[in-house]
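Below is input23.txt, which holds compact mmCIF, C-alpha atoms and all ligand atoms.
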```txt
# COMPACT_ATOMS: atom_id res chain seq x y z
CA MET S 148 -5.06 -41.29 -28.17
CA PHE S 149 -5.20 -37.62 -27.26
CA GLU S 150 -8.92 -37.81 -26.57
CA THR S 151 -7.81 -38.62 -23.02
CA LEU S 152 -6.33 -35.17 -22.55
CA ARG S 153 -8.25 -32.39 -20.81
CA THR S 154 -7.44 -28.71 -21.07
CA GLN S 155 -5.31 -27.40 -18.22
CA PRO S 156 -6.66 -24.87 -15.72
CA PRO S 157 -5.93 -21.36 -17.02
CA ASP S 158 -2.94 -19.47 -15.58
CA LYS S 159 -4.36 -16.75 -13.31
CA ILE S 160 -1.73 -14.17 -14.14
CA ILE S 161 -2.02 -14.68 -17.91
CA GLU S 162 -5.81 -14.30 -17.59
CA LEU S 163 -5.28 -11.09 -15.65
CA MET S 164 -2.92 -9.77 -18.36
CA LYS S 165 -5.64 -10.31 -20.93
CA LEU S 166 -8.32 -8.61 -18.82
CA TYR S 167 -5.97 -5.65 -18.38
CA ALA S 168 -5.20 -5.44 -22.10
CA ASP S 169 -8.94 -5.47 -22.92
CA ASP S 170 -9.80 -2.74 -20.38
CA PRO S 171 -10.36 0.52 -22.31
CA ARG S 172 -10.03 2.80 -19.25
CA GLU S 173 -7.25 5.43 -19.45
CA GLY S 174 -5.99 5.40 -15.88
CA LYS S 175 -5.82 1.61 -15.43
CA ILE S 176 -2.89 0.33 -13.36
CA ASP S 177 -1.22 -3.04 -13.98
CA LEU S 178 0.25 -4.57 -10.81
CA GLY S 179 -0.10 -8.13 -12.09
CA VAL S 180 2.63 -9.83 -14.05
CA GLY S 181 6.00 -10.26 -12.30
CA VAL S 182 8.39 -8.33 -14.49
CA TYR S 183 10.30 -5.20 -13.54
CA LYS S 184 9.06 -2.04 -15.22
CA ASN S 185 10.69 1.39 -15.23
CA PRO S 186 8.61 4.51 -14.45
CA ASP S 187 7.47 4.60 -18.12
CA GLY S 188 6.07 1.08 -17.81
CA VAL S 189 8.86 -0.44 -19.93
CA THR S 190 10.86 -3.59 -19.10
CA PRO S 191 14.21 -2.43 -20.48
CA VAL S 192 17.17 -4.39 -21.85
CA MET S 193 19.82 -3.41 -19.31
CA ARG S 194 22.65 -1.25 -20.72
CA ALA S 195 25.47 -3.67 -19.90
CA ILE S 196 23.55 -6.60 -21.38
CA LYS S 197 22.97 -4.62 -24.59
CA THR S 198 26.71 -3.91 -24.87
CA ALA S 199 27.59 -7.53 -24.14
CA GLU S 200 25.13 -8.75 -26.78
CA LYS S 201 26.62 -6.37 -29.33
CA ARG S 202 30.11 -7.70 -28.60
CA LEU S 203 28.82 -11.23 -28.79
CA TRP S 204 27.26 -10.56 -32.18
CA GLU S 205 30.52 -9.12 -33.46
CA ASP S 206 32.94 -11.61 -31.93
CA GLN S 207 31.10 -14.93 -31.79
CA THR S 208 32.44 -17.25 -34.49
CA THR S 209 30.46 -20.40 -33.78
CA LYS S 210 27.24 -21.56 -32.26
CA ALA S 211 28.38 -25.15 -31.88
CA TYR S 212 27.29 -26.95 -28.70
CA VAL S 213 29.03 -25.92 -25.51
CA GLY S 214 28.67 -28.60 -22.81
CA LEU S 215 25.98 -30.25 -20.74
CA ILE S 216 26.46 -27.89 -17.80
CA GLY S 217 26.81 -24.87 -20.07
CA ASP S 218 29.86 -22.63 -20.22
CA PRO S 219 32.21 -23.31 -17.25
CA ALA S 220 32.94 -19.55 -17.10
CA PHE S 221 29.22 -18.86 -16.56
CA ASN S 222 29.07 -21.34 -13.68
CA ASP S 223 32.21 -19.83 -12.11
CA ALA S 224 30.85 -16.28 -12.43
CA MET S 225 27.46 -17.24 -10.99
CA VAL S 226 28.94 -19.18 -8.07
CA ALA S 227 31.08 -16.12 -7.29
CA LEU S 228 28.06 -13.80 -7.52
CA VAL S 229 25.92 -15.93 -5.22
CA MET S 230 28.50 -17.30 -2.78
CA GLY S 231 31.15 -14.54 -2.78
CA ASP S 232 34.14 -15.91 -0.89
CA ALA S 233 31.94 -17.68 1.69
CA ILE S 234 32.85 -21.07 0.27
CA GLU S 235 35.52 -22.77 -1.84
CA ARG S 236 34.62 -23.22 -5.51
CA ALA S 237 35.48 -26.93 -5.09
CA GLN S 238 32.53 -27.28 -2.70
CA VAL S 239 29.98 -26.30 -5.35
CA ALA S 240 28.60 -28.29 -8.28
CA SER S 241 26.87 -26.00 -10.76
CA ALA S 242 25.05 -26.28 -14.07
CA ALA S 243 23.39 -23.74 -16.33
CA THR S 244 19.61 -24.20 -16.67
CA PRO S 245 16.81 -22.61 -18.70
CA GLY S 246 16.02 -19.81 -16.23
CA GLY S 247 15.32 -20.15 -12.53
CA THR S 248 12.34 -22.37 -13.33
CA GLY S 249 14.66 -24.86 -15.03
CA ALA S 250 16.87 -24.83 -11.94
CA VAL S 251 13.90 -25.40 -9.63
CA ARG S 252 12.71 -28.31 -11.74
CA GLN S 253 16.17 -29.93 -11.90
CA ALA S 254 16.61 -29.45 -8.15
CA PHE S 255 13.39 -31.34 -7.38
CA GLU S 256 14.39 -34.11 -9.79
CA LEU S 257 17.88 -34.37 -8.28
CA ALA S 258 16.44 -34.61 -4.77
CA ARG S 259 13.97 -37.26 -5.89
CA MET S 260 16.77 -39.29 -7.49
CA ALA S 261 18.50 -39.22 -4.08
CA ASN S 262 15.29 -39.99 -2.17
CA PRO S 263 12.30 -41.50 -4.03
CA ASP S 264 10.08 -40.76 -0.99
CA LEU S 265 10.96 -37.09 -1.11
CA ARG S 266 8.79 -34.51 0.66
CA VAL S 267 9.27 -30.82 -0.02
CA PHE S 268 8.36 -28.26 2.65
CA VAL S 269 7.04 -25.06 1.02
CA SER S 270 6.08 -21.72 2.51
CA ASP S 271 2.38 -20.91 2.71
CA PRO S 272 2.05 -19.12 0.35
CA THR S 273 4.79 -19.68 -2.19
CA TRP S 274 5.39 -19.00 -5.90
CA PRO S 275 2.54 -21.02 -7.51
CA ASN S 276 4.95 -22.65 -9.98
CA HIS S 277 6.71 -24.40 -7.09
CA LEU S 278 3.44 -26.13 -6.29
CA SER S 279 2.49 -26.96 -9.85
CA ILE S 280 5.92 -28.41 -10.69
CA LEU S 281 5.88 -30.51 -7.51
CA LYS S 282 2.37 -31.70 -8.34
CA HIS S 283 3.42 -32.55 -11.89
CA LEU S 284 6.36 -34.56 -10.53
CA LYS S 285 4.04 -36.25 -8.00
CA ILE S 286 6.24 -35.12 -5.13
CA GLU S 287 4.55 -34.68 -1.77
CA THR S 288 4.44 -31.09 -0.51
CA VAL S 289 4.18 -30.05 3.12
CA PRO S 290 3.21 -26.40 3.64
CA TYR S 291 4.83 -24.46 6.49
CA ARG S 292 3.32 -21.34 8.06
CA TYR S 293 4.94 -18.21 6.66
CA PHE S 294 2.81 -15.10 6.27
CA ASP S 295 0.86 -13.34 8.98
CA ASN S 296 -1.90 -11.59 7.05
CA ALA S 297 -2.83 -9.33 9.95
CA THR S 298 0.59 -7.72 10.28
CA GLY S 299 2.05 -8.28 6.79
CA THR S 300 5.13 -9.91 8.35
CA VAL S 301 6.64 -13.39 8.58
CA ASP S 302 5.04 -15.62 11.22
CA VAL S 303 8.45 -16.71 12.53
CA PRO S 304 7.28 -18.84 15.50
CA GLY S 305 4.77 -20.66 13.24
CA MET S 306 7.40 -21.16 10.55
CA LEU S 307 9.98 -22.55 12.99
CA ALA S 308 7.45 -24.84 14.67
CA ASP S 309 6.40 -26.29 11.30
CA LEU S 310 9.99 -26.71 10.09
CA GLU S 311 10.74 -28.73 13.23
CA GLN S 312 8.57 -31.44 11.64
CA ALA S 313 11.06 -31.91 8.77
CA LYS S 314 13.37 -34.91 8.86
CA PRO S 315 16.43 -36.24 7.03
CA GLY S 316 15.56 -36.87 3.38
CA ASP S 317 13.14 -33.92 3.22
CA ILE S 318 13.81 -30.72 1.30
CA VAL S 319 12.93 -27.38 2.90
CA LEU S 320 12.38 -24.81 0.17
CA LEU S 321 13.23 -21.25 1.20
CA HIS S 322 13.17 -18.01 -0.79
CA GLY S 323 16.68 -16.53 -0.51
CA CYS S 324 15.38 -12.95 -0.57
CA CYS S 325 12.36 -10.94 -1.79
CA HIS S 326 9.74 -13.59 -1.04
CA ASN S 327 7.25 -14.13 -3.87
CA PRO S 328 4.30 -13.51 -3.49
CA THR S 329 4.32 -11.77 -0.09
CA GLY S 330 7.41 -9.49 -0.05
CA ALA S 331 7.86 -10.37 3.65
CA ASN S 332 11.25 -11.79 4.63
CA PRO S 333 12.87 -13.18 7.77
CA GLY S 334 15.38 -10.82 9.43
CA ALA S 335 19.04 -11.74 9.98
CA GLY S 336 18.31 -13.09 13.48
CA HIS S 337 15.42 -15.15 12.16
CA TRP S 338 17.67 -16.73 9.54
CA ARG S 339 19.99 -17.90 12.32
CA GLU S 340 16.99 -19.51 14.01
CA ILE S 341 15.93 -21.14 10.74
CA VAL S 342 19.45 -22.55 10.33
CA ALA S 343 19.36 -23.93 13.87
CA VAL S 344 16.05 -25.71 13.18
CA LEU S 345 17.33 -27.08 9.87
CA LYS S 346 20.46 -28.42 11.59
CA GLN S 347 18.37 -30.05 14.27
CA SER S 348 15.96 -31.62 11.75
CA GLY S 349 18.57 -33.05 9.38
CA ALA S 350 16.50 -31.87 6.37
CA THR S 351 18.24 -30.41 3.31
CA PRO S 352 17.64 -26.75 2.44
CA MET S 353 16.89 -25.62 -1.07
CA ILE S 354 17.10 -21.90 -1.74
CA ASP S 355 15.26 -20.25 -4.59
CA LEU S 356 17.21 -17.09 -5.39
CA ALA S 357 15.34 -15.22 -8.13
CA TYR S 358 15.78 -11.59 -7.04
CA GLN S 359 19.38 -11.04 -5.87
CA GLY S 360 19.92 -7.27 -5.97
CA PHE S 361 16.22 -6.36 -5.83
CA GLY S 362 15.93 -6.24 -2.03
CA ASP S 363 18.73 -4.73 0.07
CA GLY S 364 21.57 -4.98 -2.48
CA LEU S 365 23.57 -7.72 -4.18
CA GLU S 366 25.62 -8.71 -1.12
CA ALA S 367 22.88 -8.30 1.49
CA ASP S 368 20.44 -10.34 -0.59
CA ALA S 369 22.94 -13.22 -0.86
CA ALA S 370 23.70 -13.24 2.89
CA PRO S 371 20.95 -15.70 3.96
CA THR S 372 21.92 -18.10 1.14
CA ARG S 373 25.57 -17.92 2.22
CA LEU S 374 24.64 -18.45 5.87
CA VAL S 375 22.57 -21.54 5.05
CA ALA S 376 25.10 -23.00 2.60
CA THR S 377 28.00 -22.61 5.02
CA SER S 378 26.06 -23.93 8.03
CA LEU S 379 24.42 -27.09 6.67
CA PRO S 380 26.12 -30.18 5.18
CA GLU S 381 24.34 -29.85 1.80
CA THR S 382 22.33 -27.07 0.13
CA LEU S 383 20.64 -26.73 -3.25
CA ILE S 384 20.43 -23.26 -4.78
CA ALA S 385 18.22 -22.44 -7.79
CA VAL S 386 19.32 -19.13 -9.28
CA SER S 387 17.52 -16.99 -11.85
CA CYS S 388 19.12 -14.24 -13.94
CA SER S 389 15.76 -13.19 -15.37
CA LYS S 390 15.10 -10.23 -13.07
CA ASN S 391 18.49 -8.91 -11.99
CA PHE S 392 19.93 -9.04 -15.52
CA GLY S 393 16.58 -8.39 -17.23
CA VAL S 394 17.08 -11.40 -19.54
CA TYR S 395 13.68 -13.01 -18.93
CA ARG S 396 13.09 -14.56 -22.35
CA GLU S 397 16.68 -15.71 -22.79
CA ARG S 398 16.07 -18.37 -20.11
CA THR S 399 19.19 -17.95 -18.01
CA GLY S 400 19.77 -19.53 -14.63
CA ALA S 401 21.85 -22.05 -12.71
CA LEU S 402 21.39 -24.89 -10.27
CA MET S 403 24.08 -25.17 -7.61
CA ALA S 404 24.60 -27.98 -5.13
CA VAL S 405 26.89 -27.08 -2.24
CA ALA S 406 28.48 -29.79 -0.09
CA GLN S 407 30.76 -29.31 2.90
CA ASP S 408 32.27 -32.68 2.03
CA THR S 409 34.09 -32.03 -1.27
CA ASP S 410 34.08 -35.78 -2.01
CA ARG S 411 30.35 -35.46 -2.75
CA VAL S 412 30.77 -32.71 -5.31
CA ALA S 413 31.97 -34.86 -8.24
CA ALA S 414 28.84 -37.08 -8.07
CA LEU S 415 26.59 -34.05 -7.69
CA GLN S 416 28.23 -32.36 -10.68
CA ASP S 417 27.84 -35.51 -12.72
CA ASN S 418 24.16 -35.82 -11.84
CA LEU S 419 23.48 -32.19 -12.76
CA ALA S 420 24.96 -32.86 -16.20
CA TYR S 421 22.98 -36.12 -16.44
CA LEU S 422 19.70 -34.36 -15.64
CA ASN S 423 20.35 -31.64 -18.20
CA ARG S 424 21.03 -34.38 -20.76
CA GLN S 425 17.75 -36.14 -20.03
CA ASN S 426 15.57 -33.05 -20.03
CA TYR S 427 16.93 -30.79 -22.76
CA SER S 428 20.57 -31.64 -23.37
CA PHE S 429 22.49 -28.38 -23.64
CA PRO S 430 21.11 -25.42 -21.70
CA PRO S 431 20.52 -22.09 -23.52
CA ASP S 432 23.75 -20.17 -24.03
CA HIS S 433 23.05 -16.66 -25.31
CA GLY S 434 21.81 -15.09 -22.07
CA ALA S 435 24.39 -16.99 -20.02
CA ARG S 436 27.22 -15.71 -22.21
CA ALA S 437 26.00 -12.11 -21.99
CA VAL S 438 25.69 -12.44 -18.19
CA THR S 439 29.23 -13.87 -17.98
CA MET S 440 30.61 -10.95 -19.99
CA VAL S 441 28.85 -8.48 -17.70
CA LEU S 442 30.10 -10.18 -14.54
CA THR S 443 33.72 -10.54 -15.68
CA ASP S 444 34.32 -7.22 -17.47
CA PRO S 445 34.93 -4.56 -14.77
CA GLU S 446 33.36 -1.71 -16.76
CA LEU S 447 30.28 -3.65 -17.77
CA ARG S 448 29.93 -4.97 -14.25
CA ALA S 449 30.08 -1.50 -12.71
CA ASP S 450 27.45 -0.26 -15.16
CA TRP S 451 25.20 -3.26 -14.46
CA GLU S 452 25.50 -2.82 -10.71
CA ALA S 453 24.68 0.88 -11.03
CA GLU S 454 21.59 0.24 -13.15
CA LEU S 455 20.43 -2.57 -10.85
CA GLU S 456 20.90 -0.29 -7.86
CA ASP S 457 18.78 2.40 -9.56
CA MET S 458 16.03 -0.17 -10.12
CA ARG S 459 16.22 -1.35 -6.52
CA THR S 460 16.18 2.10 -4.94
CA GLY S 461 13.41 3.21 -7.32
CA MET S 462 11.20 0.37 -6.05
CA LEU S 463 12.08 1.22 -2.45
CA ARG S 464 11.05 4.86 -2.99
CA LEU S 465 7.73 3.70 -4.43
CA ARG S 466 7.20 1.51 -1.36
CA GLU S 467 7.88 4.41 0.96
CA GLN S 468 5.66 6.75 -1.03
CA LEU S 469 2.80 4.23 -1.06
CA ALA S 470 3.08 3.55 2.69
CA ALA S 471 3.07 7.31 3.37
CA GLU S 472 0.07 7.96 1.08
CA LEU S 473 -1.84 5.14 2.75
CA ARG S 474 -0.94 6.42 6.21
CA ALA S 475 -2.25 9.88 5.28
CA ARG S 476 -5.45 8.58 3.69
CA SER S 477 -6.33 5.81 6.14
CA GLY S 478 -5.18 7.68 9.25
CA SER S 479 -3.48 4.49 10.46
CA ASP S 480 -0.12 2.76 10.32
CA ARG S 481 -1.55 -0.56 9.28
CA PHE S 482 0.01 -0.38 5.81
CA GLY S 483 3.50 0.32 7.18
CA PHE S 484 4.57 -3.21 6.16
CA ILE S 485 4.64 -2.11 2.50
CA ALA S 486 7.78 -0.05 3.21
CA GLU S 487 9.33 -2.97 5.09
CA HIS S 488 8.73 -5.55 2.38
CA ARG S 489 11.47 -6.13 -0.17
CA GLY S 490 11.62 -7.03 -3.85
CA MET S 491 8.99 -6.46 -6.50
CA PHE S 492 6.00 -7.81 -4.59
CA SER S 493 3.86 -7.01 -1.60
CA ARG S 494 0.81 -8.90 -0.48
CA LEU S 495 -1.69 -6.23 0.46
CA GLY S 496 -3.90 -8.50 2.56
CA ALA S 497 -7.10 -7.58 0.69
CA THR S 498 -10.00 -10.03 0.39
CA PRO S 499 -10.92 -11.47 -3.04
CA ASP S 500 -13.97 -9.14 -3.02
CA GLN S 501 -11.80 -6.12 -2.40
CA VAL S 502 -9.40 -7.20 -5.15
CA GLN S 503 -12.40 -7.46 -7.50
CA ARG S 504 -13.64 -4.02 -6.44
CA LEU S 505 -10.21 -2.52 -7.05
CA ARG S 506 -10.36 -3.91 -10.58
CA ASP S 507 -14.00 -3.09 -11.38
CA ASP S 508 -14.27 0.33 -9.75
CA HIS S 509 -10.72 1.66 -10.03
CA GLY S 510 -8.99 -0.18 -12.90
CA VAL S 511 -6.33 -1.56 -10.52
CA TYR S 512 -5.19 -5.03 -11.56
CA MET S 513 -3.52 -7.23 -8.96
CA VAL S 514 -3.41 -11.01 -8.55
CA GLY S 515 -6.40 -12.53 -6.68
CA ASP S 516 -4.36 -13.15 -3.51
CA SER S 517 -3.74 -9.33 -3.48
CA ARG S 518 -0.12 -9.57 -4.63
CA MET S 519 0.94 -6.21 -6.06
CA ASN S 520 3.92 -5.70 -8.35
CA ILE S 521 5.40 -2.51 -6.93
CA ALA S 522 7.39 -1.97 -10.15
CA GLY S 523 4.06 -1.50 -11.94
CA LEU S 524 3.72 1.86 -10.18
CA ASN S 525 5.26 5.28 -10.69
CA GLU S 526 5.23 8.51 -8.67
CA LYS S 527 2.00 9.62 -10.33
CA THR S 528 0.06 6.38 -9.95
CA VAL S 529 0.97 5.78 -6.27
CA PRO S 530 -1.55 8.35 -4.91
CA LEU S 531 -4.24 6.93 -7.24
CA LEU S 532 -3.59 3.43 -5.93
CA ALA S 533 -3.64 4.60 -2.31
CA GLU S 534 -6.97 6.32 -2.90
CA ALA S 535 -8.40 3.21 -4.55
CA ILE S 536 -7.20 0.91 -1.75
CA VAL S 537 -8.87 3.05 0.90
CA LYS S 538 -12.06 3.46 -1.13
CA ALA S 539 -12.25 -0.31 -1.72
CA GLY S 540 -12.35 -0.67 2.06
CA VAL S 541 -9.09 -2.58 2.48
N1 LIG S 601 11.44 -18.49 -8.40
C1 LIG S 601 10.66 -17.47 -8.07
C2 LIG S 601 10.25 -17.31 -6.65
C3 LIG S 601 10.22 -16.56 -9.03
O1 LIG S 601 9.45 -15.55 -8.68
C4 LIG S 601 10.65 -16.75 -10.37
C5 LIG S 601 10.20 -15.80 -11.43
N2 LIG S 601 8.87 -15.51 -11.51
C6 LIG S 601 11.48 -17.84 -10.66
C7 LIG S 601 11.86 -18.68 -9.66
C8 LIG S 601 12.02 -18.19 -12.01
O2 LIG S 601 11.99 -17.32 -13.01
P1 LIG S 601 12.60 -17.63 -14.45
O3 LIG S 601 12.35 -19.05 -14.79
O4 LIG S 601 11.90 -16.69 -15.35
O5 LIG S 601 14.07 -17.35 -14.35
```

Let me see the structure of the file written as structure tokens.
Amino acid sequence: MFETLRTQPPDKIIELMKLYADDPREGKIDLGVGVYKNPDGVTPVMRAIKTAEKRLWEDQTTKAYVGLIGDPAFNDAMVALVMGDAIERAQVASAATPGGTGAVRQAFELARMANPDLRVFVSDPTWPNHLSILKHLKIETVPYRYFDNATGTVDVPGMLADLEQAKPGDIVLLHGCCHNPTGANPGAGHWREIVAVLKQSGATPMIDLAYQGFGDGLEADAAPTRLVATSLPETLIAVSCSKNFGVYRERTGALMAVAQDTDRVAALQDNLAYLNRQNYSFPPDHGARAVTMVLTDPELRADWEAELEDMRTGMLRLREQLAAELRARSGSDRFGFIAEHRGMFSRLGATPDQVQRLRDDHGVYMVGDSRMNIAGLNEKTVPLLAEAIVKAGV
């Protein structure tokens, strides 16, 4: 029967990783794959996670199943991290998922269970996996304007005008912070406008929060999510621990459903457990347990926050250095947006030809849409990249 199957289109980023690995040039620069790297090019196990894992190894006496929503302590700790004291715990249903991707997938499935004619509004552009999961689930997507390529900023009027087309029963997918792939984010005032449009439309917001702590800090990065979740009747939040705890391969994340009406929460909680049961039964536990230990032990938490802050400020310094080098070399301010963007990514705004030239002539590897992973740089490679960008005619 499998003669009916065709091979799937190759993943662009995985292809790029292979091209980079096969490139023999010494000074090549990898700005492709979306993992944090320290100045030595290493994706480290964070100190607090290492300590938590050691304790786990010593103290864990069983690996028996936990529960369909994972460890309740993990859900409590994650709800507290994301929502702070903006909302009562009783207003949030939460379940552990295999990474942020698992949460995104479960969120779409939950919404489709509630509304079989679901449409999901997605930013143009968005994380490609959003689109491929929606396509796989045969859910209709409606793109909304988001990125202004000329200025490297969010096209707020275009975004608001397109979101006005949403209606009750639609999901509007928003990136909580550190937009992937562009790095451009709405300001605080813009978020209030977005909330007003959402209220008016009656659509349900879904926030993808994959980079809390990578933008302006743990609290600042959660602020838009908290504003949305406290302003609208219902909000879905897909959370990833991959980046901010550095536990990528442990597959650690959570799906939260917030309801102002606490009577809805029991059914939401039950459906989150049901969906886990159908898709993979019990969610992975190891990463979730380590994350819970880090969040609930004051010493580990302080160490984690300090290391995360070092990562965040390191990326910000690289942004500022790159913007300054480009200003000096191009004699213009047109790359100033790189210092304003937040998170790991910036969309440079280069054409596919220029991206190809950067790769062929300068050994600079970025995704075809000119998304750069800022964490792939260090102080020494920033001037080389700036030189290459100007020489490639961007
Ligand atoms: N959403 C966005 C926007 C992302 O960039 C990512 C990570 N690339 C995720 C969700 C989920 O990541 P993971 O499944 O590795 O936790």

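Distances to ligand LIG 601 (chain S) were evaluated for S:Arg448, S:Lys197, S:His337, S:Arg252 using only C-alpha atoms and all ligand atoms, and the minimum falls at S:Arg252.
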
Within 12 Å of region 275-286 of chain S, which residues of region 219-257 of chain S come that close, and what is the closest atom pair and distance in Å for each? Count all atoms listed in the file and give it as a Markdown table.
```
| residue | atom | partner | partner_atom | distance |
| --- | --- | --- | --- | --- |
| S:Gly247 | CA | S:Asn276 | CA | 11.0 |
| S:Thr248 | CA | S:Asn276 | CA | 8.1 |
| S:Gly249 | CA | S:Ile280 | CA | 10.4 |
| S:Ala250 | CA | S:His277 | CA | 11.3 |
| S:Val251 | CA | S:His277 | CA | 7.7 |
| S:Arg252 | CA | S:Ile280 | CA | 6.9 |
| S:Gln253 | CA | S:Ile280 | CA | 10.4 |
| S:Ala254 | CA | S:Leu281 | CA | 10.8 |
| S:Phe255 | CA | S:Leu281 | CA | 7.6 |
| S:Glu256 | CA | S:Leu284 | CA | 8.1 |
| S:Leu257 | CA | S:Leu284 | CA | 11.7 |
```

Save out the residues we just selected, C-alpha atoms, as a PDB file, in the frame of the given file.
```
ATOM      1  CA  GLY S 247      15.320 -20.150 -12.530  1.00  0.00           C
ATOM      2  CA  THR S 248      12.340 -22.370 -13.330  1.00  0.00           C
ATOM      3  CA  GLY S 249      14.660 -24.860 -15.030  1.00  0.00           C
ATOM      4  CA  ALA S 250      16.870 -24.830 -11.940  1.00  0.00           C
ATOM      5  CA  VAL S 251      13.900 -25.400  -9.630  1.00  0.00           C
ATOM      6  CA  ARG S 252      12.710 -28.310 -11.740  1.00  0.00           C
ATOM      7  CA  GLN S 253      16.170 -29.930 -11.900  1.00  0.00           C
ATOM      8  CA  ALA S 254      16.610 -29.450  -8.150  1.00  0.00           C
ATOM      9  CA  PHE S 255      13.390 -31.340  -7.380  1.00  0.00           C
ATOM     10  CA  GLU S 256      14.390 -34.110  -9.790  1.00  0.00           C
ATOM     11  CA  LEU S 257      17.880 -34.370  -8.280  1.00  0.00           C
TER      12      LEU S 257
END
```

(request) Return the single residue from S:Arg172, S:Cys325, S:Ala357, S:Ala313 that is closest to Val344 (chain S), with distances computed using only C-alpha atoms. (result) S:Ala313

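In this model, the gap between CA of Pro352 (chain S) and CA of Leu383 (chain S) comes to 6.4 Å.
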
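Each of S:Pro219, S:Pro333, S:Gly393, S:Gly490 was compared to Gly461 (chain S) using only C-alpha atoms, and S:Gly490 turns out to be the nearest.
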
(message) Could you list, as a PyMOL selection string, every residue within 7 Å of Arg398 (chain S), counting only C-alpha atoms and ignoring same-chain residues fewer than 5 positions away?
(response) chain S and resi 245-246+431+434

Restrict the selected residues to C-alpha atoms and save them as a JSON list (two decimals), keeping the file's coordinate frame.
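Saved result, result-v9.json, follows:
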```
[["chain", "number", "residue", "atom", "x", "y", "z"],
["S", 245, "PRO", "CA", 16.81, -22.61, -18.70],
["S", 246, "GLY", "CA", 16.02, -19.81, -16.23],
["S", 431, "PRO", "CA", 20.52, -22.09, -23.52],
["S", 434, "GLY", "CA", 21.81, -15.09, -22.07]]
```

Taking all atoms of ligand LIG 601 (chain S) that the file lists, what box with edges along x, y and z, padded by 5 Å per side, do you get, with centre and edge lengths in Å to one decimal, as AutoDock Vina command-line options?
```
--center_x 11.5 --center_y -17.3 --center_z -11.0 --size_x 15.2 --size_y 13.5 --size_z 18.7
```
